[in-house]
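This report concerns only the one structure given below.
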Amino acid sequence: MKLQVLKVGLATLLCTSAVYASEVRVTLNNSFVSFPNGQPRIVQGRTLVPVRGLFDNMGYDISWEAESKTVTLSKEGSDIVIHIGDDFLTVNGKEVSLDVPAQIIDSSTMLPLRAISDATGAVTLWNSDYKTASVVERGIQAEYPQRELNLNTSAEKTYVEAFSQISKKFNEDNKENVAVLSKALKDGNISSLSSVSATFLSSLRSTEKEIASLDTPSSLEDLSVAARNYLSALESLLEYTQSYSEGKIEKGEYVKEIENRFSNLLVAQAVYTEEINSL
């Protein structure tokens, strides 16, 4: 039996938190990346991303040789060598051209976005509206997979069938809401933002009640809790957005606080994903 899971187009929702931000943002596998030193930026029309902060989160060991101004990135038999000022890097000895040279800005080694995909095989996307670079590593699925489960009891089968039906309806009902919410934030359409937030929240609260009302086998209790926590984190984000659309929250306060709520949503998503993958 296949388990359909709750999914809300988180990659799209993530971008909405950066709508009012002037700085360039980077996500790795749908999670925002924090950079310890310099920040991503656009230079001469090219998006440059710091090596440290991104590649270490991708599992690379990073070493710096000051005399030759060389960065070496190593991971599972792959060695990427970057010489500052060169218009190419090497991957296991093979040259890969760069559209702009590697350079140091604010003490950080910076690479053009396209070089990340050329060097690692990851998918890189640039959203100019939100100034957001998205990096998805090879083998990472952007959405939750449907899971094929080996269920031992009729109670488990009944629960999974009901949970899947609830999830399917939630996903179908809110696919358009995610798109409208993102566009409303981008366009500053407060009227549309208020309407879609209310519609989204109504669907979400109904889904929360349906999942909570299911007769949950003890073996699947952790899944139920993780799903409800995930929806609760999303509800918190939407409630805050609705309050902003109703003029109860100033724009500056909204931009600052929404980051925390997105962070909570990402944590809840990670726990939910881990629970799904453990089944």
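Letters A, B, ... mark the chains of the structure tokens in the order given; residue numbers begin at 1 per chain; ligand numbers begin at 1, in order shown.
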DSSP helix (DSSP H, G or I) residues within range 9-209 of chain A, as a PyMOL selection string: chain A and resi 10-16+51-54+113-120+154-187+190-209
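For Ile42 in chain A, the residues within 10 Å (counting only C-alpha atoms, excluding itself and residues fewer than 3 positions away along the chain) are Glu23, Val24, Gly45, Arg46, Thr47, Leu48, Val49, Pro112 and Lys131 of chain A.
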With N, CA and C atoms kept, could you save the residues just selected as an mmCIF file, in the first residue's frame?
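Saved result, result.cif, follows:
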data_model
loop_
_atom_site.group_PDB
_atom_site.id
_atom_site.type_symbol
_atom_site.label_atom_id
_atom_site.label_comp_id
_atom_site.auth_asym_id
_atom_site.auth_seq_id
_atom_site.Cartn_x
_atom_site.Cartn_y
_atom_site.Cartn_z
ATOM 1 N N GLU A 23 18.640 41.345 -0.105
ATOM 2 C CA GLU A 23 19.819 40.519 -0.270
ATOM 3 C C GLU A 23 19.495 39.243 -1.029
ATOM 4 N N VAL A 24 20.530 38.660 -1.616
ATOM 5 C CA VAL A 24 20.396 37.391 -2.316
ATOM 6 C C VAL A 24 20.296 36.262 -1.287
ATOM 7 N N GLY A 45 25.971 41.271 -13.022
ATOM 8 C CA GLY A 45 24.926 40.419 -13.578
ATOM 9 C C GLY A 45 25.064 38.947 -13.267
ATOM 10 N N ARG A 46 26.062 38.561 -12.468
ATOM 11 C CA ARG A 46 26.262 37.161 -12.123
ATOM 12 C C ARG A 46 26.021 36.961 -10.631
ATOM 13 N N THR A 47 25.350 35.881 -10.281
ATOM 14 C CA THR A 47 25.110 35.559 -8.879
ATOM 15 C C THR A 47 26.309 34.806 -8.331
ATOM 16 N N LEU A 48 26.954 35.385 -7.312
ATOM 17 C CA LEU A 48 28.119 34.774 -6.692
ATOM 18 C C LEU A 48 27.745 34.245 -5.309
ATOM 19 N N VAL A 49 28.195 33.029 -5.017
ATOM 20 C CA VAL A 49 27.839 32.346 -3.775
ATOM 21 C C VAL A 49 29.112 31.967 -3.024
ATOM 22 N N PRO A 112 30.567 31.665 -9.101
ATOM 23 C CA PRO A 112 29.299 31.909 -9.790
ATOM 24 C C PRO A 112 28.364 30.719 -9.604
ATOM 25 N N LYS A 131 15.159 36.967 -5.887
ATOM 26 C CA LYS A 131 16.611 36.980 -5.658
ATOM 27 C C LYS A 131 17.025 35.756 -4.843
#
Nearby residues (only C-alpha atoms) at most 10 Å from Ser108 in chain A, same-chain spacing under 6 positions excluded, as JSON, numbers by chain: {"A": [35, 36, 37, 38, 39, 40, 49, 50, 51, 52, 53]}
Store the residues of this selection in a file with N, CA and C atoms, as a PDB file, in the first residue's frame.
ATOM      1  N   PHE A  35      25.428  31.769   5.870  1.00  0.00           N
ATOM      2  CA  PHE A  35      26.825  31.930   5.491  1.00  0.00           C
ATOM      3  C   PHE A  35      27.569  32.624   6.625  1.00  0.00           C
ATOM      4  N   PRO A  36      28.685  32.035   7.098  1.00  0.00           N
ATOM      5  CA  PRO A  36      29.364  32.558   8.291  1.00  0.00           C
ATOM      6  C   PRO A  36      30.094  33.867   8.067  1.00  0.00           C
ATOM      7  N   ASN A  37      30.515  34.120   6.834  1.00  0.00           N
ATOM      8  CA  ASN A  37      31.305  35.329   6.568  1.00  0.00           C
ATOM      9  C   ASN A  37      30.592  36.208   5.536  1.00  0.00           C
ATOM     10  N   GLY A  38      31.110  36.230   4.310  1.00  0.00           N
ATOM     11  CA  GLY A  38      30.475  37.027   3.279  1.00  0.00           C
ATOM     12  C   GLY A  38      29.139  36.446   2.856  1.00  0.00           C
ATOM     13  N   GLN A  39      28.328  37.271   2.212  1.00  0.00           N
ATOM     14  CA  GLN A  39      26.992  36.871   1.786  1.00  0.00           C
ATOM     15  C   GLN A  39      26.921  36.766   0.261  1.00  0.00           C
ATOM     16  N   PRO A  40      25.979  35.961  -0.243  1.00  0.00           N
ATOM     17  CA  PRO A  40      25.781  35.901  -1.698  1.00  0.00           C
ATOM     18  C   PRO A  40      25.447  37.283  -2.239  1.00  0.00           C
ATOM     19  N   VAL A  49      28.195  33.029  -5.017  1.00  0.00           N
ATOM     20  CA  VAL A  49      27.839  32.346  -3.775  1.00  0.00           C
ATOM     21  C   VAL A  49      29.112  31.967  -3.024  1.00  0.00           C
ATOM     22  N   PRO A  50      29.188  32.244  -1.714  1.00  0.00           N
ATOM     23  CA  PRO A  50      30.362  31.853  -0.942  1.00  0.00           C
ATOM     24  C   PRO A  50      30.537  30.334  -0.917  1.00  0.00           C
ATOM     25  N   VAL A  51      31.769  29.905  -1.030  1.00  0.00           N
ATOM     26  CA  VAL A  51      32.070  28.471  -0.967  1.00  0.00           C
ATOM     27  C   VAL A  51      31.749  27.929   0.426  1.00  0.00           C
ATOM     28  N   ARG A  52      32.241  28.641   1.451  1.00  0.00           N
ATOM     29  CA  ARG A  52      32.007  28.175   2.824  1.00  0.00           C
ATOM     30  C   ARG A  52      30.597  28.552   3.249  1.00  0.00           C
ATOM     31  N   GLY A  53      29.884  27.578   3.709  1.00  0.00           N
ATOM     32  CA  GLY A  53      28.487  27.754   4.052  1.00  0.00           C
ATOM     33  C   GLY A  53      27.623  26.893   3.158  1.00  0.00           C
TER      34      GLY A  53
END
Shell around Ser206 in chain A at 12 Å using only C-alpha atoms, local window under 4 positions removed, as a ChimeraX atom specification: /A:166-167,169-170,173,199-202,210-213,228,231-232,235
Leu214 in chain A surroundings by only C-alpha atoms, 10 Å radius, close-in-sequence under 2 positions cut, as a PyMOL selection string: chain A and resi 158-160+162-163+209-212+216-217+224
Keeping N, CA and C atoms for every residue in the selection just given, could you write it to a file as a compact mmCIF listing (two decimals), in the first residue's frame?
# COMPACT_ATOMS: atom_id res chain seq x y z
N THR A 158 -5.91 0.46 7.49
CA THR A 158 -7.04 1.39 7.53
C THR A 158 -6.55 2.82 7.78
N TYR A 159 -5.59 2.95 8.71
CA TYR A 159 -5.07 4.28 9.03
C TYR A 159 -4.36 4.88 7.82
N VAL A 160 -3.48 4.12 7.19
CA VAL A 160 -2.71 4.64 6.07
C VAL A 160 -3.62 5.01 4.91
N ALA A 162 -6.76 6.03 5.13
CA ALA A 162 -7.45 7.26 5.50
C ALA A 162 -6.50 8.46 5.48
N PHE A 163 -5.30 8.29 6.03
CA PHE A 163 -4.30 9.36 6.05
C PHE A 163 -3.96 9.79 4.62
N LYS A 209 -7.91 18.55 11.98
CA LYS A 209 -8.96 17.86 12.74
C LYS A 209 -9.18 16.45 12.22
N GLU A 210 -9.13 16.30 10.91
CA GLU A 210 -9.35 14.97 10.32
C GLU A 210 -8.24 14.00 10.73
N ILE A 211 -7.00 14.46 10.71
CA ILE A 211 -5.89 13.59 11.09
C ILE A 211 -5.96 13.26 12.58
N ALA A 212 -6.29 14.27 13.39
CA ALA A 212 -6.38 14.05 14.84
C ALA A 212 -7.50 13.08 15.20
N THR A 216 -5.48 5.96 15.52
CA THR A 216 -4.08 5.77 15.14
C THR A 216 -3.47 4.56 15.84
N PRO A 217 -2.97 3.58 15.09
CA PRO A 217 -2.24 2.46 15.70
C PRO A 217 -0.99 2.97 16.39
N SER A 224 1.69 10.39 12.95
CA SER A 224 0.55 11.27 13.18
C SER A 224 0.99 12.55 13.88
DSSP strand (DSSP E) residues within range 47-200 of chain A, listed as a ChimeraX atom specification: /A:47-50,61-65,70-75,78-83,88-91,94-97,103-105,108-112,123-127,132-136,147-148
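Minimum atom-to-atom distances from A:Leu151, A:Leu28, A:Leu204, A:Ala268 to Asn171 in chain A were compared using only C-alpha atoms, and the lowest value belongs to A:Leu204.
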